[in-house]
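Chemist: This is model.cif, which holds mmCIF, C-alpha atoms:
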```cif
data_input
#
loop_
_atom_site.label_atom_id
_atom_site.label_comp_id
_atom_site.auth_asym_id
_atom_site.auth_seq_id
_atom_site.Cartn_x
_atom_site.Cartn_y
_atom_site.Cartn_z
CA MET A 1 55.02 -42.98 63.19
CA ASN A 2 53.69 -45.15 60.39
CA GLU A 3 56.14 -47.60 58.84
CA SER A 4 55.66 -45.93 55.44
CA MET A 5 57.17 -42.69 56.79
CA GLN A 6 60.91 -42.29 57.05
CA GLN A 7 62.44 -40.54 60.06
CA GLY A 8 62.23 -36.79 59.52
CA GLU A 9 60.05 -37.09 56.42
CA PRO A 10 57.58 -34.20 55.94
CA ALA A 11 53.92 -34.96 56.65
CA ILE A 12 52.88 -33.52 53.28
CA VAL A 13 54.83 -32.93 50.09
CA ALA A 14 53.01 -31.51 47.05
CA GLU A 15 55.05 -31.07 43.87
CA ASP A 16 53.99 -29.14 40.76
CA VAL A 17 50.25 -29.70 41.34
CA TYR A 18 47.75 -28.48 38.75
CA LYS A 19 43.95 -28.45 38.84
CA SER A 20 41.34 -26.99 36.50
CA PHE A 21 37.55 -27.02 36.56
CA ASP A 22 35.68 -26.55 33.27
CA GLY A 23 38.74 -24.97 31.70
CA GLN A 24 39.32 -22.59 34.61
CA HIS A 25 42.81 -22.99 36.08
CA VAL A 26 42.67 -23.06 39.89
CA LEU A 27 46.10 -24.49 40.74
CA ARG A 28 48.98 -23.81 38.35
CA GLY A 29 51.96 -25.77 39.63
CA VAL A 30 51.74 -25.65 43.42
CA SER A 31 54.66 -27.04 45.43
CA LEU A 32 54.33 -27.17 49.20
CA THR A 33 55.95 -28.96 52.15
CA ALA A 34 54.38 -29.34 55.60
CA GLU A 35 56.90 -30.48 58.20
CA THR A 36 55.94 -33.24 60.62
CA GLY A 37 54.91 -31.96 64.05
CA LYS A 38 54.51 -28.36 62.87
CA THR A 39 51.66 -26.12 61.76
CA MET A 40 51.60 -24.96 58.14
CA VAL A 41 49.17 -22.14 57.39
CA ILE A 42 47.96 -21.61 53.83
CA VAL A 43 46.72 -18.06 53.31
CA GLY A 44 45.30 -16.27 50.31
CA ALA A 45 42.26 -14.44 49.05
CA SER A 46 38.91 -16.17 48.62
CA GLY A 47 38.95 -18.26 45.44
CA SER A 48 42.73 -18.62 45.40
CA GLY A 49 42.52 -22.42 45.56
CA LYS A 50 43.32 -23.02 49.26
CA THR A 51 40.44 -25.42 49.93
CA VAL A 52 40.96 -27.17 46.59
CA LEU A 53 44.56 -27.85 47.56
CA VAL A 54 43.88 -29.30 51.02
CA SER A 55 40.96 -31.33 49.67
CA MET A 56 43.54 -33.21 47.62
CA PHE A 57 45.31 -34.24 50.82
CA VAL A 58 42.28 -36.35 51.81
CA GLY A 59 41.20 -37.50 48.36
CA LEU A 60 38.15 -35.28 47.95
CA ILE A 61 39.65 -33.80 44.77
CA THR A 62 42.14 -35.38 42.35
CA PRO A 63 44.96 -33.31 40.82
CA ASP A 64 45.25 -33.09 37.04
CA ARG A 65 49.04 -33.20 37.24
CA GLY A 66 51.73 -33.35 39.88
CA THR A 67 52.48 -35.59 42.84
CA ILE A 68 51.31 -35.56 46.45
CA ARG A 69 52.68 -37.51 49.41
CA VAL A 70 50.69 -37.59 52.64
CA LEU A 71 52.06 -39.20 55.81
CA GLY A 72 54.59 -41.15 53.79
CA GLU A 73 52.09 -42.39 51.18
CA ASP A 74 52.22 -41.40 47.52
CA VAL A 75 48.50 -40.71 47.05
CA THR A 76 48.79 -39.63 43.42
CA PRO A 77 47.94 -43.09 42.00
CA PHE A 78 45.12 -43.75 44.48
CA THR A 79 41.97 -44.73 42.56
CA LYS A 80 39.95 -46.65 45.16
CA GLU A 81 38.12 -45.38 48.22
CA ALA A 82 39.56 -48.29 50.21
CA GLN A 83 43.06 -46.86 49.67
CA TRP A 84 41.99 -43.44 50.86
CA ASN A 85 39.90 -44.72 53.77
CA GLN A 86 42.89 -46.40 55.35
CA LEU A 87 44.88 -43.15 55.17
CA ARG A 88 41.93 -41.02 56.29
CA MET A 89 41.94 -42.89 59.59
CA ARG A 90 45.13 -40.97 60.33
CA ILE A 91 43.78 -37.57 59.28
CA GLY A 92 41.34 -35.27 61.06
CA PHE A 93 39.47 -32.74 58.91
CA VAL A 94 37.78 -29.74 60.55
CA PHE A 95 35.24 -28.34 58.12
CA GLN A 96 34.55 -24.64 57.79
CA GLY A 97 31.00 -24.94 59.12
CA ALA A 98 31.80 -27.58 61.80
CA ALA A 99 29.56 -30.03 59.83
CA LEU A 100 28.00 -31.53 62.95
CA TYR A 101 25.01 -33.86 62.69
CA ASP A 102 22.08 -31.73 63.85
CA SER A 103 20.06 -34.64 65.24
CA MET A 104 22.94 -36.00 67.34
CA THR A 105 24.22 -34.72 70.67
CA ILE A 106 27.72 -33.30 70.80
CA GLY A 107 28.88 -36.48 72.49
CA ALA A 108 27.33 -38.63 69.76
CA ASN A 109 28.98 -36.47 67.10
CA VAL A 110 32.41 -37.03 68.63
CA ALA A 111 31.66 -40.75 69.07
CA PHE A 112 30.58 -41.17 65.43
CA PRO A 113 34.01 -41.93 63.90
CA LEU A 114 34.88 -44.16 66.85
CA ARG A 115 31.73 -46.27 66.41
CA HIS A 116 32.23 -46.61 62.65
CA HIS A 117 36.00 -47.05 62.42
CA THR A 118 37.15 -48.79 65.60
CA LYS A 119 36.32 -51.87 67.65
CA LEU A 120 36.33 -50.01 70.94
CA SER A 121 33.73 -50.97 73.51
CA SER A 122 30.92 -48.57 74.41
CA LYS A 123 32.69 -47.77 77.68
CA GLU A 124 35.97 -47.07 75.89
CA ILE A 125 34.20 -44.85 73.37
CA GLU A 126 32.47 -42.93 76.15
CA GLU A 127 35.81 -42.37 77.87
CA ARG A 128 37.43 -41.23 74.61
CA VAL A 129 34.56 -38.80 73.95
CA VAL A 130 34.88 -37.25 77.40
CA ASP A 131 38.65 -36.98 76.95
CA LYS A 132 38.36 -35.19 73.59
CA LEU A 133 35.65 -32.83 74.79
CA ARG A 134 37.78 -32.03 77.83
CA LEU A 135 40.65 -31.12 75.50
CA VAL A 136 38.53 -28.39 73.90
CA GLY A 137 36.73 -27.35 77.11
CA LEU A 138 33.31 -28.75 76.19
CA GLU A 139 32.68 -31.47 78.77
CA GLU A 140 29.48 -29.76 79.86
CA ALA A 141 28.05 -29.88 76.31
CA VAL A 142 28.22 -33.65 75.87
CA ASP A 143 24.43 -34.09 75.99
CA LYS A 144 23.50 -30.92 74.12
CA LEU A 145 22.44 -30.68 70.47
CA PRO A 146 24.44 -28.44 68.12
CA SER A 147 21.53 -25.98 68.01
CA GLN A 148 21.83 -25.53 71.78
CA ILE A 149 25.42 -24.24 71.75
CA SER A 150 27.12 -21.20 70.23
CA GLY A 151 28.94 -21.06 66.92
CA GLY A 152 32.29 -20.99 68.67
CA MET A 153 31.38 -24.05 70.73
CA GLN A 154 30.26 -25.84 67.57
CA LYS A 155 33.70 -25.15 66.09
CA ARG A 156 35.31 -26.69 69.16
CA ALA A 157 32.99 -29.69 68.94
CA GLY A 158 34.06 -30.18 65.34
CA LEU A 159 37.66 -30.04 66.51
CA ALA A 160 36.99 -32.67 69.20
CA ARG A 161 35.44 -34.96 66.60
CA ALA A 162 38.43 -34.50 64.27
CA LEU A 163 40.71 -35.55 67.13
CA ALA A 164 38.65 -38.60 68.08
CA LEU A 165 40.85 -41.09 66.22
CA ASP A 166 44.10 -39.50 67.46
CA PRO A 167 45.17 -38.42 63.95
CA ASP A 168 48.75 -37.76 62.90
CA LEU A 169 47.55 -34.88 60.70
CA VAL A 170 44.73 -32.39 61.29
CA ILE A 171 43.48 -30.12 58.49
CA TYR A 172 41.46 -27.01 59.34
CA ASP A 173 39.43 -25.28 56.63
CA GLU A 174 38.81 -21.64 57.64
CA PRO A 175 38.47 -22.45 61.37
CA THR A 176 37.61 -18.87 62.37
CA ALA A 177 35.13 -18.12 59.57
CA GLY A 178 31.89 -16.58 60.82
CA LEU A 179 33.19 -15.86 64.31
CA ASP A 180 33.62 -12.52 66.02
CA PRO A 181 37.23 -11.50 66.78
CA LEU A 182 37.22 -12.71 70.38
CA ARG A 183 35.83 -16.16 69.52
CA ALA A 184 38.15 -16.34 66.50
CA GLU A 185 41.14 -15.68 68.76
CA SER A 186 39.91 -18.31 71.23
CA ILE A 187 39.61 -20.95 68.49
CA SER A 188 43.05 -20.04 67.15
CA ARG A 189 44.61 -20.46 70.58
CA HIS A 190 42.85 -23.81 71.01
CA ILE A 191 44.37 -24.98 67.72
CA ARG A 192 47.85 -23.86 68.75
CA GLU A 193 47.64 -25.33 72.25
CA LEU A 194 46.34 -28.67 70.99
CA GLN A 195 49.02 -28.97 68.30
CA THR A 196 51.70 -28.21 70.88
CA LYS A 197 50.24 -30.65 73.42
CA LEU A 198 49.52 -33.52 71.02
CA GLY A 199 52.55 -33.05 68.76
CA ASN A 200 50.66 -33.83 65.56
CA THR A 201 50.95 -31.99 62.24
CA ALA A 202 48.41 -29.29 61.40
CA VAL A 203 47.53 -27.58 58.13
CA VAL A 204 45.35 -24.50 58.52
CA VAL A 205 43.60 -22.80 55.60
CA THR A 206 42.61 -19.24 56.41
CA HIS A 207 42.46 -15.66 55.23
CA ASP A 208 42.47 -14.52 58.89
CA MET A 209 45.97 -13.19 59.52
CA ALA A 210 45.36 -12.90 63.28
CA CYS A 211 44.75 -16.66 63.25
CA ALA A 212 47.85 -17.23 61.12
CA PHE A 213 50.03 -15.31 63.58
CA ILE A 214 48.76 -17.36 66.51
CA VAL A 215 48.87 -20.87 65.04
CA GLY A 216 51.51 -20.86 62.32
CA ASP A 217 55.05 -22.19 62.36
CA ARG A 218 55.27 -21.52 58.64
CA VAL A 219 52.96 -19.81 56.16
CA ALA A 220 52.46 -20.30 52.44
CA PHE A 221 50.81 -17.50 50.46
CA LEU A 222 48.69 -18.85 47.60
CA ASP A 223 47.92 -16.38 44.84
CA ASP A 224 46.47 -17.01 41.38
CA GLY A 225 47.03 -20.74 41.69
CA VAL A 226 50.69 -20.68 42.75
CA ILE A 227 52.60 -20.41 46.03
CA ALA A 228 53.93 -16.88 45.77
CA GLU A 229 56.01 -17.10 48.94
CA GLN A 230 56.65 -19.34 51.97
CA GLY A 231 58.24 -18.61 55.34
CA THR A 232 57.42 -17.67 58.90
CA VAL A 233 54.57 -15.23 59.43
CA GLU A 234 57.08 -12.54 60.35
CA GLU A 235 59.06 -13.17 57.15
CA LEU A 236 55.96 -12.85 54.99
CA ALA A 237 54.93 -9.70 56.85
CA ARG A 238 58.26 -8.18 55.71
CA SER A 239 57.99 -9.53 52.16
CA ALA A 240 59.01 -7.36 49.22
CA ASP A 241 56.53 -9.14 46.94
CA PRO A 242 53.77 -6.58 46.16
CA ARG A 243 51.09 -9.32 46.12
CA VAL A 244 52.02 -10.46 49.62
CA ARG A 245 52.33 -6.90 50.94
CA LYS A 246 48.93 -5.95 49.52
CA PHE A 247 47.26 -8.99 51.10
CA PHE A 248 48.88 -8.44 54.49
CA LYS A 249 47.97 -4.75 54.50
CA ALA A 250 44.33 -5.52 53.69
CA ALA A 251 44.24 -8.28 56.32
CA GLU A 252 45.68 -5.96 58.97
CA CYS A 253 43.06 -3.33 58.20
CA LEU A 254 40.28 -5.90 58.60
CA SER A 255 41.72 -7.24 61.87
CA GLY A 256 42.55 -3.86 63.34
CA GLY A 257 46.28 -4.50 63.18
CA ALA A 258 46.15 -7.85 65.00
CA SER A 259 49.36 -8.99 63.38
CA GLN A 260 51.39 -6.19 64.92
#
```
Please re-express this file's structure in structure tokens.

Modeler:
Amino acid sequence: MNESMQQGEPAIVAEDVYKSFDGQHVLRGVSLTAETGKTMVIVGASGSGKTVLVSMFVGLITPDRGTIRVLGEDVTPFTKEAQWNQLRMRIGFVFQGAALYDSMTIGANVAFPLRHHTKLSSKEIEERVVDKLRLVGLEEAVDKLPSQISGGMQKRAGLARALALDPDLVIYDEPTAGLDPLRAESISRHIRELQTKLGNTAVVVTHDMACAFIVGDRVAFLDDGVIAEQGTVEELARSADPRVRKFFKAAECLSGGASQ
């Protein structure tokens, strides 16, 4: 644990966060806590501000108001990339579209952050790459290009790259988007198994309730720029809030009742 974090301190604490774009209010006072060593799932309809919120945790977007602490650091006053870059070394970000470099092999993609942010030798990097690909079951794809593997395998490769620097926090932006139900379930189980095995903190943004049920320790429902409710998946499934009930019912219909 980093010296800046106190024992038992949450990995992320967002308090009364606001964000607008061109006069359009996206976040309207969001408060959220992600416990260390657990998986927090942020659910909500498309356009509800989920990705905007998690982008603030890595400095891609700056809040208009409010405070955010990430891994013990108050990032609200950060104004320089150097400040963020030091913290980003401890955070893995899995983009919605995997965001692999098309001209690089899968192995080279996973090695990229190691070559640019560590002083490891070539042999050590090669060993780390094999280790991370083994974690996600992709050892055989090390020399393949992204175009030579399936969409689900590309997602796993993106996950391996996010884990390359052994981050304390991993953020997943719609990890099952664009996948069929079987591949989506496989990716969700990979996320859960890896979080359990590695003991890091995970934040998962999704509108896929089947994914939320598999990976989540706690779930926050974001609606119209505010956290309407937080709790376990089971607690939200029994919510009396009509907004939450409507979302869960629609999600169950789309997933064929996967949350039952």

Chemist: Report as a PyMOL selection string the full result of the PyMOL selection byres ((chain A and resi 150-152) around 12) when it is applied to this structure.

Modeler: chain A and resi 96-100+136-138+141+144-149+153-159+175-188+190

Chemist: Smallest atom-to-atom distance to Ala108 (chain A): which of A:Thr39, A:Gln83, A:Gly66, A:Arg161, using all atoms listed in the file?

Modeler: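 Smallest separation from Ala108 (chain A) among the options: A:Arg161.
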
Chemist: With only C-alpha atoms as the counted atoms, please give the residues lying no more than 12 Å from Ala14 (chain A), apart from itself and same-chain residues fewer than 6 positions off, as an MDAnalysis selection string.

Modeler: chainID A and resid 27 29:35 53:54 56:57 63 65:76 226:227

Chemist: Please measure the separation of CA of Gly37 (chain A) and CA of Leu198 (chain A), giving the value in Å to one decimal.

Modeler: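 Computing it gives 8.9 Å between the two atoms.
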
Chemist: Which residues, named as in the file, does the PyMOL selection byres ((chain A and resi 220) around 8) pick out? Answer as a PDB file with C-alpha atoms, in the coordinates of the input.

Modeler:
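Full text of selection_32.pdb as output:
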```pdb
ATOM      1  CA  LEU A  32      54.330 -27.170  49.200  1.00  0.00           C
ATOM      2  CA  MET A  40      51.600 -24.960  58.140  1.00  0.00           C
ATOM      3  CA  VAL A  41      49.170 -22.140  57.390  1.00  0.00           C
ATOM      4  CA  ILE A  42      47.960 -21.610  53.830  1.00  0.00           C
ATOM      5  CA  VAL A  43      46.720 -18.060  53.310  1.00  0.00           C
ATOM      6  CA  ARG A 218      55.270 -21.520  58.640  1.00  0.00           C
ATOM      7  CA  VAL A 219      52.960 -19.810  56.160  1.00  0.00           C
ATOM      8  CA  PHE A 221      50.810 -17.500  50.460  1.00  0.00           C
ATOM      9  CA  LEU A 222      48.690 -18.850  47.600  1.00  0.00           C
ATOM     10  CA  ILE A 227      52.600 -20.410  46.030  1.00  0.00           C
ATOM     11  CA  ALA A 228      53.930 -16.880  45.770  1.00  0.00           C
ATOM     12  CA  GLU A 229      56.010 -17.100  48.940  1.00  0.00           C
ATOM     13  CA  GLN A 230      56.650 -19.340  51.970  1.00  0.00           C
ATOM     14  CA  GLY A 231      58.240 -18.610  55.340  1.00  0.00           C
TER      15      GLY A 231
END
```

Chemist: The centre and edge lengths of an axis-aligned box containing all atoms of region 190-207 of chain A present in the file, extended by 8 Å on each side, are to be given in Å to one decimal, as JSON.

Modeler:
```
{"center_x": 47.5, "center_y": -24.7, "center_z": 64.3, "size_x": 26.1, "size_y": 34.2, "size_z": 34.2}
```

Chemist: So the first atom is CA of Ala11 (chain A) and the second is CA of His116 (chain A); what is the distance between them in Å, to one decimal place?

Modeler: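 Going from CA of Ala11 (chain A) over to CA of His116 (chain A) covers 25.3 Å.
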